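Coordinates as given in work_36.cif (mmCIF, C-alpha atoms and all ligand atoms):
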```cif
data_final
#
loop_
_atom_site.label_atom_id
_atom_site.label_comp_id
_atom_site.auth_asym_id
_atom_site.auth_seq_id
_atom_site.Cartn_x
_atom_site.Cartn_y
_atom_site.Cartn_z
CA ALA A 1 -8.79 -4.00 40.30
CA ARG A 2 -5.18 -4.75 39.44
CA GLN A 3 -3.26 -3.71 36.33
CA ILE A 4 0.29 -3.97 35.02
CA GLN A 5 1.92 -0.74 33.96
CA LEU A 6 5.08 0.01 32.01
CA VAL A 7 7.28 2.23 34.20
CA ARG A 8 10.33 2.69 31.96
CA ARG A 9 11.37 1.95 28.40
CA PRO A 10 13.31 -1.35 28.28
CA ALA A 11 16.87 -1.39 26.96
CA GLY A 12 17.25 -4.68 25.09
CA LEU A 13 15.37 -7.63 26.55
CA PRO A 14 12.82 -6.22 29.05
CA THR A 15 13.14 -7.10 32.73
CA THR A 16 10.47 -7.35 35.42
CA ASP A 17 11.73 -3.99 36.79
CA ASP A 18 10.40 -2.26 33.68
CA PHE A 19 6.86 -2.99 34.93
CA ARG A 20 4.82 -2.67 38.11
CA MET A 21 1.51 -3.95 39.43
CA VAL A 22 -0.93 -1.25 40.57
CA ASP A 23 -4.28 -1.47 42.36
CA VAL A 24 -6.94 0.95 41.13
CA ASP A 25 -10.60 1.62 41.96
CA LEU A 26 -12.91 1.04 39.03
CA PRO A 27 -15.24 3.94 38.17
CA ASP A 28 -19.01 3.60 38.15
CA LEU A 29 -20.44 2.82 34.75
CA GLY A 30 -21.48 5.69 32.47
CA PRO A 31 -23.96 5.28 29.61
CA ASP A 32 -23.19 2.47 27.14
CA GLN A 33 -20.36 0.99 29.16
CA VAL A 34 -19.46 -2.45 30.48
CA ARG A 35 -17.44 -3.78 33.40
CA VAL A 36 -15.41 -6.75 32.19
CA ARG A 37 -13.76 -9.43 34.35
CA ASN A 38 -10.93 -10.70 32.16
CA THR A 39 -10.40 -14.45 32.06
CA VAL A 40 -7.52 -14.88 29.59
CA LEU A 41 -4.86 -12.35 28.56
CA SER A 42 -2.74 -12.49 25.44
CA VAL A 43 0.93 -11.60 25.29
CA ASP A 44 2.21 -10.90 21.77
CA PRO A 45 5.65 -10.16 20.30
CA TYR A 46 4.53 -6.86 18.72
CA MET A 47 4.06 -5.46 22.23
CA ARG A 48 7.86 -5.20 22.51
CA GLY A 49 7.86 -2.54 19.78
CA ARG A 50 5.23 -0.48 21.58
CA MET A 51 7.46 -0.36 24.68
CA ASN A 52 9.91 1.83 22.72
CA ASP A 53 9.28 5.52 22.23
CA THR A 54 9.75 5.37 18.46
CA GLU A 55 7.43 6.00 15.57
CA SER A 56 5.79 2.84 14.27
CA TYR A 57 2.45 1.50 13.11
CA ALA A 58 1.20 1.26 16.70
CA GLU A 59 1.40 4.05 19.30
CA PRO A 60 4.10 3.66 21.97
CA TYR A 61 2.72 2.60 25.38
CA ALA A 62 2.44 5.50 27.81
CA LEU A 63 4.54 5.16 30.96
CA GLU A 64 2.69 4.54 34.24
CA ALA A 65 -0.39 3.47 32.29
CA PRO A 66 -1.73 -0.01 31.69
CA MET A 67 -0.13 -2.19 29.07
CA LEU A 68 -2.82 -2.63 26.43
CA GLY A 69 -3.08 -6.10 24.96
CA ALA A 70 -5.71 -8.47 23.65
CA ALA A 71 -7.89 -10.27 26.19
CA VAL A 72 -11.18 -12.07 26.64
CA GLY A 73 -13.48 -11.74 29.61
CA VAL A 74 -17.02 -11.84 30.89
CA VAL A 75 -19.31 -8.81 31.28
CA GLU A 76 -20.25 -8.37 34.95
CA GLU A 77 -22.21 -5.13 34.70
CA SER A 78 -23.58 -3.30 31.68
CA THR A 79 -25.43 -0.15 30.63
CA SER A 80 -25.34 -1.24 26.99
CA ASP A 81 -28.27 -2.78 25.08
CA ARG A 82 -25.86 -4.50 22.72
CA VAL A 83 -23.54 -6.13 25.29
CA PRO A 84 -25.50 -7.84 28.08
CA VAL A 85 -24.27 -9.07 31.46
CA GLY A 86 -22.83 -12.57 31.04
CA ALA A 87 -21.61 -12.01 27.48
CA THR A 88 -18.07 -13.15 26.66
CA VAL A 89 -16.15 -10.38 24.94
CA SER A 90 -12.77 -9.76 23.38
CA HIS A 91 -11.01 -6.41 23.47
CA GLY A 92 -7.59 -4.80 23.32
CA ALA A 93 -7.32 -3.11 26.70
CA ALA A 94 -5.88 -5.58 29.14
CA TRP A 95 -2.94 -6.64 31.29
CA ARG A 96 -5.64 -5.95 33.93
CA ASP A 97 -7.93 -8.31 35.80
CA ALA A 98 -11.05 -6.13 35.50
CA GLU A 99 -11.92 -2.80 33.89
CA VAL A 100 -14.67 -0.48 32.68
CA LEU A 101 -14.79 -0.06 28.91
CA ASP A 102 -17.05 1.63 26.38
CA ALA A 103 -19.32 -1.00 24.86
CA GLY A 104 -17.99 0.02 21.44
CA ALA A 105 -14.51 -1.11 22.47
CA VAL A 106 -15.50 -4.75 23.02
CA ARG A 107 -16.64 -7.45 20.62
CA VAL A 108 -19.02 -10.19 21.72
CA VAL A 109 -17.54 -13.59 20.79
CA ASP A 110 -19.37 -16.82 20.09
CA VAL A 111 -18.31 -19.34 22.74
CA GLU A 112 -20.60 -21.99 21.26
CA ARG A 113 -18.36 -22.06 18.19
CA ALA A 114 -15.00 -22.12 19.98
CA PRO A 115 -13.59 -21.58 23.47
CA ALA A 116 -13.03 -17.91 24.34
CA SER A 117 -9.22 -18.28 24.22
CA ALA A 118 -9.38 -19.27 20.54
CA TYR A 119 -10.29 -15.65 19.76
CA LEU A 120 -6.82 -14.68 20.99
CA GLY A 121 -5.14 -17.26 18.76
CA VAL A 122 -6.24 -19.23 15.74
CA LEU A 123 -9.58 -17.39 15.42
CA GLY A 124 -8.13 -14.02 16.43
CA MET A 125 -5.39 -11.69 15.30
CA PRO A 126 -2.66 -14.38 14.95
CA GLY A 127 -4.92 -16.60 12.82
CA LEU A 128 -5.96 -13.73 10.58
CA THR A 129 -2.28 -12.80 10.23
CA ALA A 130 -1.48 -16.30 8.95
CA TYR A 131 -4.40 -16.17 6.52
CA VAL A 132 -3.62 -12.70 5.16
CA GLY A 133 0.07 -13.51 4.82
CA LEU A 134 -0.55 -16.65 2.81
CA ARG A 135 -3.43 -15.52 0.66
CA ARG A 136 -2.76 -11.87 -0.08
CA ILE A 137 0.88 -11.21 0.70
CA ALA A 138 2.42 -14.45 -0.59
CA ALA A 139 -0.41 -15.13 -3.07
CA LEU A 140 -0.05 -18.85 -2.36
CA ALA A 141 -1.03 -21.01 -5.33
CA GLU A 142 -2.08 -24.67 -5.47
CA GLY A 143 0.76 -27.17 -5.47
CA GLU A 144 3.38 -24.83 -4.03
CA THR A 145 5.94 -25.45 -1.29
CA VAL A 146 5.78 -23.28 1.82
CA PHE A 147 8.47 -22.77 4.45
CA VAL A 148 7.51 -21.06 7.73
CA SER A 149 9.73 -20.09 10.66
CA GLY A 150 8.46 -19.78 14.21
CA ALA A 151 6.33 -22.70 13.07
CA ALA A 152 5.28 -23.93 16.52
CA GLY A 153 4.05 -20.50 17.61
CA ALA A 154 0.60 -18.94 17.31
CA VAL A 155 0.98 -17.50 13.81
CA GLY A 156 3.38 -20.14 12.50
CA SER A 157 1.32 -23.17 13.50
CA ALA A 158 -1.67 -21.60 11.76
CA VAL A 159 0.42 -20.81 8.67
CA GLY A 160 1.52 -24.40 8.13
CA GLN A 161 -1.95 -25.82 8.55
CA PHE A 162 -3.82 -23.08 6.64
CA ALA A 163 -1.32 -23.45 3.79
CA ARG A 164 -2.41 -27.05 3.39
CA GLN A 165 -6.07 -26.04 3.38
CA LEU A 166 -5.29 -23.41 0.74
CA GLY A 167 -3.72 -25.95 -1.58
CA ALA A 168 -0.01 -26.05 -0.76
CA ALA A 169 1.61 -29.33 -1.77
CA ARG A 170 4.39 -29.26 0.83
CA VAL A 171 4.85 -27.46 4.14
CA ILE A 172 8.16 -27.20 6.02
CA GLY A 173 8.61 -25.56 9.41
CA SER A 174 11.40 -24.58 11.75
CA ALA A 175 11.14 -24.26 15.51
CA GLY A 176 13.33 -24.14 18.59
CA SER A 177 13.09 -27.58 20.24
CA PRO A 178 12.76 -31.30 19.43
CA GLU A 179 9.36 -31.33 21.17
CA LYS A 180 8.11 -28.55 18.87
CA VAL A 181 9.48 -30.29 15.79
CA ALA A 182 7.71 -33.52 16.78
CA TRP A 183 4.43 -31.64 17.26
CA LEU A 184 4.71 -30.13 13.78
CA THR A 185 5.40 -33.37 11.94
CA GLU A 186 3.47 -35.87 14.07
CA GLU A 187 0.34 -33.89 14.93
CA LEU A 188 0.03 -30.91 12.60
CA GLY A 189 0.88 -32.68 9.34
CA PHE A 190 3.98 -30.69 8.36
CA ASP A 191 5.89 -32.66 5.73
CA ALA A 192 9.21 -31.81 7.37
CA ALA A 193 10.46 -29.70 10.25
CA PHE A 194 13.77 -28.95 11.90
CA ASP A 195 15.16 -27.51 15.12
CA TYR A 196 17.15 -24.46 14.06
CA HIS A 197 19.63 -25.06 16.90
CA ASP A 198 20.88 -28.20 15.10
CA GLY A 199 23.18 -26.45 12.62
CA LYS A 200 23.22 -23.77 9.97
CA VAL A 201 19.66 -22.89 8.96
CA SER A 202 20.57 -22.94 5.26
CA HIS A 203 21.79 -26.57 5.55
CA LEU A 204 18.84 -27.65 7.69
CA LEU A 205 16.39 -26.12 5.22
CA ARG A 206 18.18 -27.72 2.24
CA ASP A 207 17.96 -31.13 3.97
CA ALA A 208 14.27 -30.64 4.76
CA LEU A 209 13.52 -29.70 1.13
CA ASP A 210 15.45 -32.77 -0.04
CA ARG A 211 13.53 -35.04 2.35
CA THR A 212 10.26 -33.79 0.85
CA GLY A 213 11.14 -34.31 -2.78
CA GLY A 214 13.82 -31.76 -3.59
CA GLY A 215 13.34 -28.47 -5.36
CA ARG A 216 13.01 -25.09 -3.73
CA ALA A 217 10.34 -23.31 -1.72
CA ASP A 218 7.86 -21.01 -3.45
CA VAL A 219 6.82 -19.13 -0.31
CA TYR A 220 8.71 -18.20 2.83
CA PHE A 221 6.52 -16.96 5.70
CA ASP A 222 9.00 -15.08 7.88
CA ASN A 223 8.28 -14.74 11.59
CA VAL A 224 11.84 -14.42 12.81
CA GLY A 225 14.15 -12.60 10.33
CA GLY A 226 17.93 -12.93 10.77
CA GLU A 227 19.62 -16.15 9.70
CA HIS A 228 16.29 -17.70 8.69
CA LEU A 229 15.56 -14.98 6.16
CA GLU A 230 19.08 -15.24 4.76
CA ALA A 231 18.69 -19.02 4.37
CA ALA A 232 15.19 -18.83 2.93
CA LEU A 233 16.25 -16.43 0.16
CA LEU A 234 18.94 -18.91 -0.82
CA HIS A 235 16.39 -21.71 -1.18
CA LEU A 236 13.52 -19.84 -2.83
CA ALA A 237 12.48 -20.75 -6.35
CA GLU A 238 12.27 -18.30 -9.24
CA PHE A 239 9.39 -15.88 -8.58
CA GLY A 240 9.39 -16.94 -4.91
CA ARG A 241 7.66 -14.72 -2.37
CA VAL A 242 8.52 -13.78 1.19
CA ALA A 243 5.59 -12.77 3.39
CA ALA A 244 7.53 -10.63 5.88
CA CYS A 245 5.39 -10.94 8.98
CA GLY A 246 7.83 -10.43 11.83
CA ALA A 247 11.48 -10.55 12.86
CA ILE A 248 11.49 -11.58 16.50
CA THR A 249 15.27 -12.18 16.42
CA THR A 250 15.70 -8.39 16.17
CA TYR A 251 13.04 -7.00 18.53
CA ASN A 252 15.41 -6.57 21.48
CA ASP A 253 18.32 -5.29 19.39
CA GLN A 254 19.73 -1.91 20.36
CA GLN A 255 21.65 -1.60 17.08
CA PRO A 256 20.23 -2.63 13.69
CA ALA A 257 21.30 -6.15 12.72
CA PRO A 258 23.16 -6.65 9.41
CA GLY A 259 20.97 -7.44 6.41
CA PRO A 260 20.76 -10.88 4.79
CA ARG A 261 23.89 -11.61 2.74
CA THR A 262 21.71 -13.42 0.20
CA ILE A 263 19.79 -10.26 -0.73
CA GLY A 264 21.61 -10.24 -4.07
CA LEU A 265 19.45 -13.18 -5.17
CA VAL A 266 16.33 -11.03 -5.26
CA VAL A 267 17.01 -9.75 -8.79
CA PRO A 268 18.19 -12.86 -10.65
CA ARG A 269 15.55 -15.08 -8.98
CA LYS A 270 12.88 -12.38 -9.38
CA LEU A 271 11.86 -12.68 -5.73
CA THR A 272 9.32 -10.53 -3.91
CA ILE A 273 9.75 -9.58 -0.24
CA ARG A 274 6.58 -7.95 1.04
CA GLY A 275 5.96 -6.76 4.57
CA PHE A 276 2.47 -6.40 6.01
CA ILE A 277 0.52 -5.51 9.13
CA VAL A 278 -2.63 -7.53 9.65
CA SER A 279 -4.80 -4.56 10.62
CA ASP A 280 -4.46 -3.12 7.09
CA HIS A 281 -6.18 -6.24 5.72
CA ALA A 282 -9.40 -6.34 7.73
CA ASP A 283 -11.29 -6.73 4.45
CA LEU A 284 -10.16 -10.40 4.42
CA ALA A 285 -11.71 -11.06 7.83
CA GLY A 286 -15.01 -12.12 6.25
CA ASP A 287 -13.30 -14.78 4.11
CA PHE A 288 -11.24 -15.84 7.10
CA TYR A 289 -14.26 -16.32 9.36
CA ALA A 290 -16.03 -18.21 6.58
CA SER A 291 -13.20 -20.79 6.52
CA ALA A 292 -11.12 -21.00 9.68
CA PRO A 293 -13.78 -21.92 12.28
CA GLY A 294 -14.79 -24.89 10.13
CA TRP A 295 -11.19 -26.07 9.79
CA VAL A 296 -10.79 -25.93 13.57
CA ALA A 297 -14.14 -27.60 14.26
CA ASP A 298 -13.50 -30.56 11.93
CA GLY A 299 -9.97 -31.07 13.27
CA SER A 300 -8.11 -30.25 10.07
CA VAL A 301 -6.47 -27.36 11.94
CA ARG A 302 -5.21 -28.17 15.43
CA THR A 303 -4.07 -25.83 18.15
CA ARG A 304 -2.19 -25.82 21.42
CA GLU A 305 -2.01 -23.18 24.11
CA THR A 306 0.63 -22.55 26.76
CA TYR A 307 -0.66 -20.96 29.95
CA PHE A 308 1.00 -18.92 32.65
CA GLU A 309 -1.21 -18.56 35.73
CA GLY A 310 -2.26 -15.25 37.27
CA LEU A 311 -1.83 -11.57 36.42
CA GLU A 312 1.47 -11.50 38.32
CA GLN A 313 2.94 -13.93 35.73
CA THR A 314 2.01 -11.81 32.71
CA VAL A 315 5.46 -10.24 32.31
CA ASP A 316 7.11 -13.67 32.58
CA ALA A 317 4.73 -15.01 29.93
CA PHE A 318 5.63 -12.10 27.66
CA LEU A 319 9.37 -12.64 28.21
CA GLY A 320 8.84 -16.34 27.51
CA LEU A 321 8.04 -15.46 23.89
CA PHE A 322 11.70 -14.54 23.43
CA SER A 323 12.99 -17.81 24.86
CA GLY A 324 10.45 -20.01 23.09
CA ALA A 325 8.63 -21.04 26.29
CA ASN A 326 5.39 -21.47 24.33
CA LEU A 327 4.08 -24.36 22.27
CA GLY A 328 1.26 -22.79 20.27
CA LYS A 329 -0.31 -19.59 21.59
CA MET A 330 1.12 -18.01 24.76
CA LEU A 331 -1.65 -16.95 27.18
CA VAL A 332 -2.20 -15.94 30.79
CA ARG A 333 -5.13 -17.41 32.71
CA LEU A 334 -6.64 -15.22 35.41
P1 LIG B 401 4.85 -16.97 18.74
O1 LIG B 401 3.73 -17.71 19.33
O2 LIG B 401 5.47 -17.48 17.48
O3 LIG B 401 5.95 -16.76 19.86
C1 LIG B 401 7.22 -16.28 19.55
C2 LIG B 401 8.16 -17.44 19.14
O4 LIG B 401 9.29 -16.89 18.51
C3 LIG B 401 8.70 -18.22 20.30
O5 LIG B 401 7.83 -19.24 20.70
C4 LIG B 401 10.02 -18.75 19.78
O6 LIG B 401 9.86 -20.09 19.31
C5 LIG B 401 10.32 -17.84 18.58
N1 LIG B 401 11.60 -17.17 18.76
C6 LIG B 401 11.96 -16.36 19.79
N2 LIG B 401 13.22 -15.95 19.62
C7 LIG B 401 13.66 -16.53 18.47
C8 LIG B 401 14.90 -16.50 17.76
N3 LIG B 401 15.94 -15.78 18.21
N4 LIG B 401 15.01 -17.22 16.61
C9 LIG B 401 13.97 -17.94 16.16
N5 LIG B 401 12.78 -18.01 16.79
C10 LIG B 401 12.64 -17.31 17.92
O7 LIG B 401 4.41 -15.46 18.46
P2 LIG B 401 3.29 -15.00 17.41
O8 LIG B 401 2.82 -16.16 16.67
O9 LIG B 401 2.34 -14.16 18.12
O10 LIG B 401 4.12 -14.04 16.43
C11 LIG B 401 5.00 -14.61 15.47
C12 LIG B 401 5.61 -13.50 14.63
O11 LIG B 401 4.58 -12.84 13.90
C13 LIG B 401 6.30 -12.41 15.43
O12 LIG B 401 7.44 -11.98 14.71
C14 LIG B 401 5.26 -11.31 15.48
O13 LIG B 401 5.83 -10.05 15.68
C15 LIG B 401 4.65 -11.45 14.11
N6 LIG B 401 3.30 -10.91 13.95
C16 LIG B 401 3.10 -10.02 12.93
C17 LIG B 401 1.85 -9.51 12.67
C18 LIG B 401 1.68 -8.59 11.52
O14 LIG B 401 0.60 -8.00 11.39
N7 LIG B 401 2.68 -8.45 10.67
C19 LIG B 401 0.71 -9.87 13.53
C20 LIG B 401 1.01 -10.87 14.55
C21 LIG B 401 2.28 -11.35 14.76
P3 LIG B 401 11.11 -21.10 19.11
O15 LIG B 401 11.12 -22.02 20.29
O16 LIG B 401 10.76 -21.79 17.85
O17 LIG B 401 12.35 -20.29 19.04
#
```
Starting from the coordinates I provided, produce the structure as structure tokens.
Ligand code: NDP
Amino acid sequence: ARQIQLVRRPAGLPTTDDFRMVDVDLPDLGPDQVRVRNTVLSVDPYMRGRMNDTESYAEPYALEAPMLGAAVGVVEESTSDRVPVGATVSHGAAWRDAEVLDAGAVRVVDVERAPASAYLGVLGMPGLTAYVGLRRIAALAEGETVFVSGAAGAVGSAVGQFARQLGAARVIGSAGSPEKVAWLTEELGFDAAFDYHDGKVSHLLRDALDRTGGGRADVYFDNVGGEHLEAALLHLAEFGRVAACGAITTYNDQQPAPGPRTIGLVVPRKLTIRGFIVSDHADLAGDFYASAPGWVADGSVRTRETYFEGLEQTVDAFLGLFSGANLGKMLVRL
């Protein structure tokens, strides 16, 4: 079986030379194990942080060992009563085409309810992140105005649509191309959206708020940090909340970026900026799975996926996250 390994710690934006493809023999199955043939791999921005050898919420990747990421696949051989041959499973041990895993490390997913790839996106970790960020971190209330950056990505596209389901009155998004902006407003029901390349983010956000009735935003769901965070603070209402989910503009920085110059507004506007990591909020998964599959099934939440083809394209798919090559969730089909 083939796997992709990290061979050195990237400096700045990773390059293909930081990785290598290795062929390995799979071991025979021990008790309560499964052999999984992966069908779809996920690439996720947080994986950049794990490539550094620094202390964080997730362990650094070991060098010359497989890159561990979310995946779905089909069980080809099993010594587990709970996970039969033919089951579709999700797990967190991929950037490999096939592997032997303990049955306890995989979760059987319901492919009657949704296609397997959905469990890597809207019904998986990114979807739960959107839900947790809106409900618990931002404490979204009925009738509020939400602004989300990275709005055409996996988390962001869920944020805008979930916000509506959770009672938001207005949803505004920013993304990196005219095609993405059109998707947000024409298909996903965002009230306004802008391409952040078209000018200063603070002006573009002000215009978008004005087009949707004026006023300020109550919630900013931050996926990107940087200039977006600075602009959002400027246009948040009194008692506004920032759900600080990610800051992809900074992930390849080798020196810390300067802080937002609008930080001084936090006190007079009584703003809250709250960071979170989805895995600390697994207690909301029950509520999430009671709501989100229905929203997807009845079409009130729509999704897109962008596929790269083949294990050899996995690194390119990952790098594509930093150039905005994905509309919706970025995936690799094996
Ligand atoms: P996305 O599907 O949103 O892919 C990343 C997107 O980021 C790209 O498509 C690109 O879109 C955008 N982007 C890249 N560079 C920049 C830039 N310089 N400025 C603005 N936008 C940029 O990824 P995810 O949905 O998986 O993740 C979104 C965010 O959520 C990330 O920050 C991630 O780390 C975070 N996250 C946090 C979790 C948590 O527990 N806190 C869990 C999961 C994700 P565009 O074309 O619009 O630029």
May I have a table of the residues of chain A lying at most 8 Å from ligand LIG 401 (chain B), giving each one's closest pair of atoms and their distance in Å to one decimal, counting all atoms listed in the file, ordered by chain and ascending residue number, as a Markdown table?
```
| residue | atom | partner | partner_atom | distance |
| --- | --- | --- | --- | --- |
| A:Val43 | CA | B:LIG401 | O9 | 7.7 |
| A:Asp44 | CA | B:LIG401 | O9 | 4.9 |
| A:Pro45 | CA | B:LIG401 | O13 | 4.6 |
| A:Tyr46 | CA | B:LIG401 | O13 | 4.6 |
| A:Met125 | CA | B:LIG401 | C20 | 6.5 |
| A:Pro126 | CA | B:LIG401 | C20 | 5.1 |
| A:Thr129 | CA | B:LIG401 | C19 | 5.3 |
| A:Ser149 | CA | B:LIG401 | N5 | 7.2 |
| A:Gly150 | CA | B:LIG401 | O16 | 4.8 |
| A:Ala151 | CA | B:LIG401 | O16 | 6.6 |
| A:Ala152 | CA | B:LIG401 | O16 | 6.0 |
| A:Gly153 | CA | B:LIG401 | O1 | 3.3 |
| A:Ala154 | CA | B:LIG401 | O8 | 3.6 |
| A:Val155 | CA | B:LIG401 | O8 | 3.7 |
| A:Gly156 | CA | B:LIG401 | O8 | 5.8 |
| A:Ser157 | CA | B:LIG401 | O8 | 7.8 |
| A:Ser174 | CA | B:LIG401 | O16 | 6.7 |
| A:Ala175 | CA | B:LIG401 | O16 | 3.4 |
| A:Gly176 | CA | B:LIG401 | O15 | 3.5 |
| A:Ser177 | CA | B:LIG401 | O15 | 5.9 |
| A:Lys180 | CA | B:LIG401 | O15 | 7.3 |
| A:Asp195 | CA | B:LIG401 | O16 | 7.7 |
| A:Tyr196 | CA | B:LIG401 | C9 | 7.6 |
| A:Asp222 | CA | B:LIG401 | O12 | 7.7 |
| A:Asn223 | CA | B:LIG401 | C12 | 4.2 |
| A:Val224 | CA | B:LIG401 | C9 | 5.3 |
| A:Gly225 | CA | B:LIG401 | N4 | 7.8 |
| A:Gly226 | CA | B:LIG401 | N4 | 7.8 |
| A:His228 | CA | B:LIG401 | C9 | 7.8 |
| A:Ala244 | CA | B:LIG401 | N7 | 7.2 |
| A:Cys245 | CA | B:LIG401 | N7 | 4.0 |
| A:Gly246 | CA | B:LIG401 | O12 | 3.3 |
| A:Ala247 | CA | B:LIG401 | O12 | 4.7 |
| A:Ile248 | CA | B:LIG401 | O12 | 4.4 |
| A:Thr249 | CA | B:LIG401 | N3 | 4.1 |
| A:Thr250 | CA | B:LIG401 | N3 | 7.7 |
| A:Gly275 | CA | B:LIG401 | N7 | 7.1 |
| A:Phe276 | CA | B:LIG401 | N7 | 5.1 |
| A:Ile277 | CA | B:LIG401 | O14 | 3.4 |
| A:Val278 | CA | B:LIG401 | O14 | 3.7 |
| A:Ser279 | CA | B:LIG401 | O14 | 6.4 |
| A:Gly320 | CA | B:LIG401 | C3 | 7.5 |
| A:Leu321 | CA | B:LIG401 | C1 | 4.5 |
| A:Phe322 | CA | B:LIG401 | C6 | 4.1 |
| A:Ser323 | CA | B:LIG401 | C6 | 5.4 |
| A:Gly324 | CA | B:LIG401 | O15 | 3.5 |
| A:Ala325 | CA | B:LIG401 | O5 | 5.9 |
| A:Asn326 | CA | B:LIG401 | O5 | 4.9 |
| A:Leu327 | CA | B:LIG401 | O5 | 6.5 |
| A:Gly328 | CA | B:LIG401 | O1 | 5.7 |
| A:Lys329 | CA | B:LIG401 | O1 | 5.0 |
| A:Met330 | CA | B:LIG401 | O1 | 6.0 |
```
Separating CA of Val74 (chain A) from CA of Val36 (chain A), to the nearest tenth of an Å, is a gap of 5.5 Å
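By all atoms listed in the file, and with residues fewer than 3 positions from Lys270 (chain A) along its chain excluded, the set lying at most 8 Å from it is Glu238, Phe239, Gly240, Leu265, Val266 and Val267 of chain A.
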Write out as a list in words the residues lying within 9 Å of region 291-307 of chain A, counting all atoms listed in the file and excluding same-chain residues fewer than 6 positions away.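 Everything that qualifies: Arg113, Ala114, Ser117, Ala118, Gly121, Val122, Leu123, Gly127, Leu128, Tyr131, Ala154, Ser157, Ala158, Gln161, Phe162, Gln165, Glu187, Leu188, Ala317, Ala325, Asn326, Leu327, Gly328, Lys329, Met330, Leu331, Val332 and Arg333 of chain A.
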If you keep C-alpha atoms, can you produce a file of those selected residues as a PDB file, keeping the file's coordinate frame?
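Contents of the output file again-v2.pdb:
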```pdb
ATOM      1  CA  ARG A 113     -18.360 -22.060  18.190  1.00  0.00           C
ATOM      2  CA  ALA A 114     -15.000 -22.120  19.980  1.00  0.00           C
ATOM      3  CA  SER A 117      -9.220 -18.280  24.220  1.00  0.00           C
ATOM      4  CA  ALA A 118      -9.380 -19.270  20.540  1.00  0.00           C
ATOM      5  CA  GLY A 121      -5.140 -17.260  18.760  1.00  0.00           C
ATOM      6  CA  VAL A 122      -6.240 -19.230  15.740  1.00  0.00           C
ATOM      7  CA  LEU A 123      -9.580 -17.390  15.420  1.00  0.00           C
ATOM      8  CA  GLY A 127      -4.920 -16.600  12.820  1.00  0.00           C
ATOM      9  CA  LEU A 128      -5.960 -13.730  10.580  1.00  0.00           C
ATOM     10  CA  TYR A 131      -4.400 -16.170   6.520  1.00  0.00           C
ATOM     11  CA  ALA A 154       0.600 -18.940  17.310  1.00  0.00           C
ATOM     12  CA  SER A 157       1.320 -23.170  13.500  1.00  0.00           C
ATOM     13  CA  ALA A 158      -1.670 -21.600  11.760  1.00  0.00           C
ATOM     14  CA  GLN A 161      -1.950 -25.820   8.550  1.00  0.00           C
ATOM     15  CA  PHE A 162      -3.820 -23.080   6.640  1.00  0.00           C
ATOM     16  CA  GLN A 165      -6.070 -26.040   3.380  1.00  0.00           C
ATOM     17  CA  GLU A 187       0.340 -33.890  14.930  1.00  0.00           C
ATOM     18  CA  LEU A 188       0.030 -30.910  12.600  1.00  0.00           C
ATOM     19  CA  ALA A 317       4.730 -15.010  29.930  1.00  0.00           C
ATOM     20  CA  ALA A 325       8.630 -21.040  26.290  1.00  0.00           C
ATOM     21  CA  ASN A 326       5.390 -21.470  24.330  1.00  0.00           C
ATOM     22  CA  LEU A 327       4.080 -24.360  22.270  1.00  0.00           C
ATOM     23  CA  GLY A 328       1.260 -22.790  20.270  1.00  0.00           C
ATOM     24  CA  LYS A 329      -0.310 -19.590  21.590  1.00  0.00           C
ATOM     25  CA  MET A 330       1.120 -18.010  24.760  1.00  0.00           C
ATOM     26  CA  LEU A 331      -1.650 -16.950  27.180  1.00  0.00           C
ATOM     27  CA  VAL A 332      -2.200 -15.940  30.790  1.00  0.00           C
ATOM     28  CA  ARG A 333      -5.130 -17.410  32.710  1.00  0.00           C
TER      29      ARG A 333
END
```
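Residue nearest Val7 (chain A), chosen from A:Ala65, A:Leu41, A:Ala208, A:Ala282 and counting only C-alpha atoms: A:Ala65.
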Interatomic distance between CA of Arg2 (chain A) and CA of Ala98 (chain A)?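 Straight-line distance from CA of Arg2 (chain A) to CA of Ala98 (chain A) works out to 7.2 Å.
Relative to CA of Arg241 (chain A), CA of Leu271 (chain A) is found at 5.8 Å.
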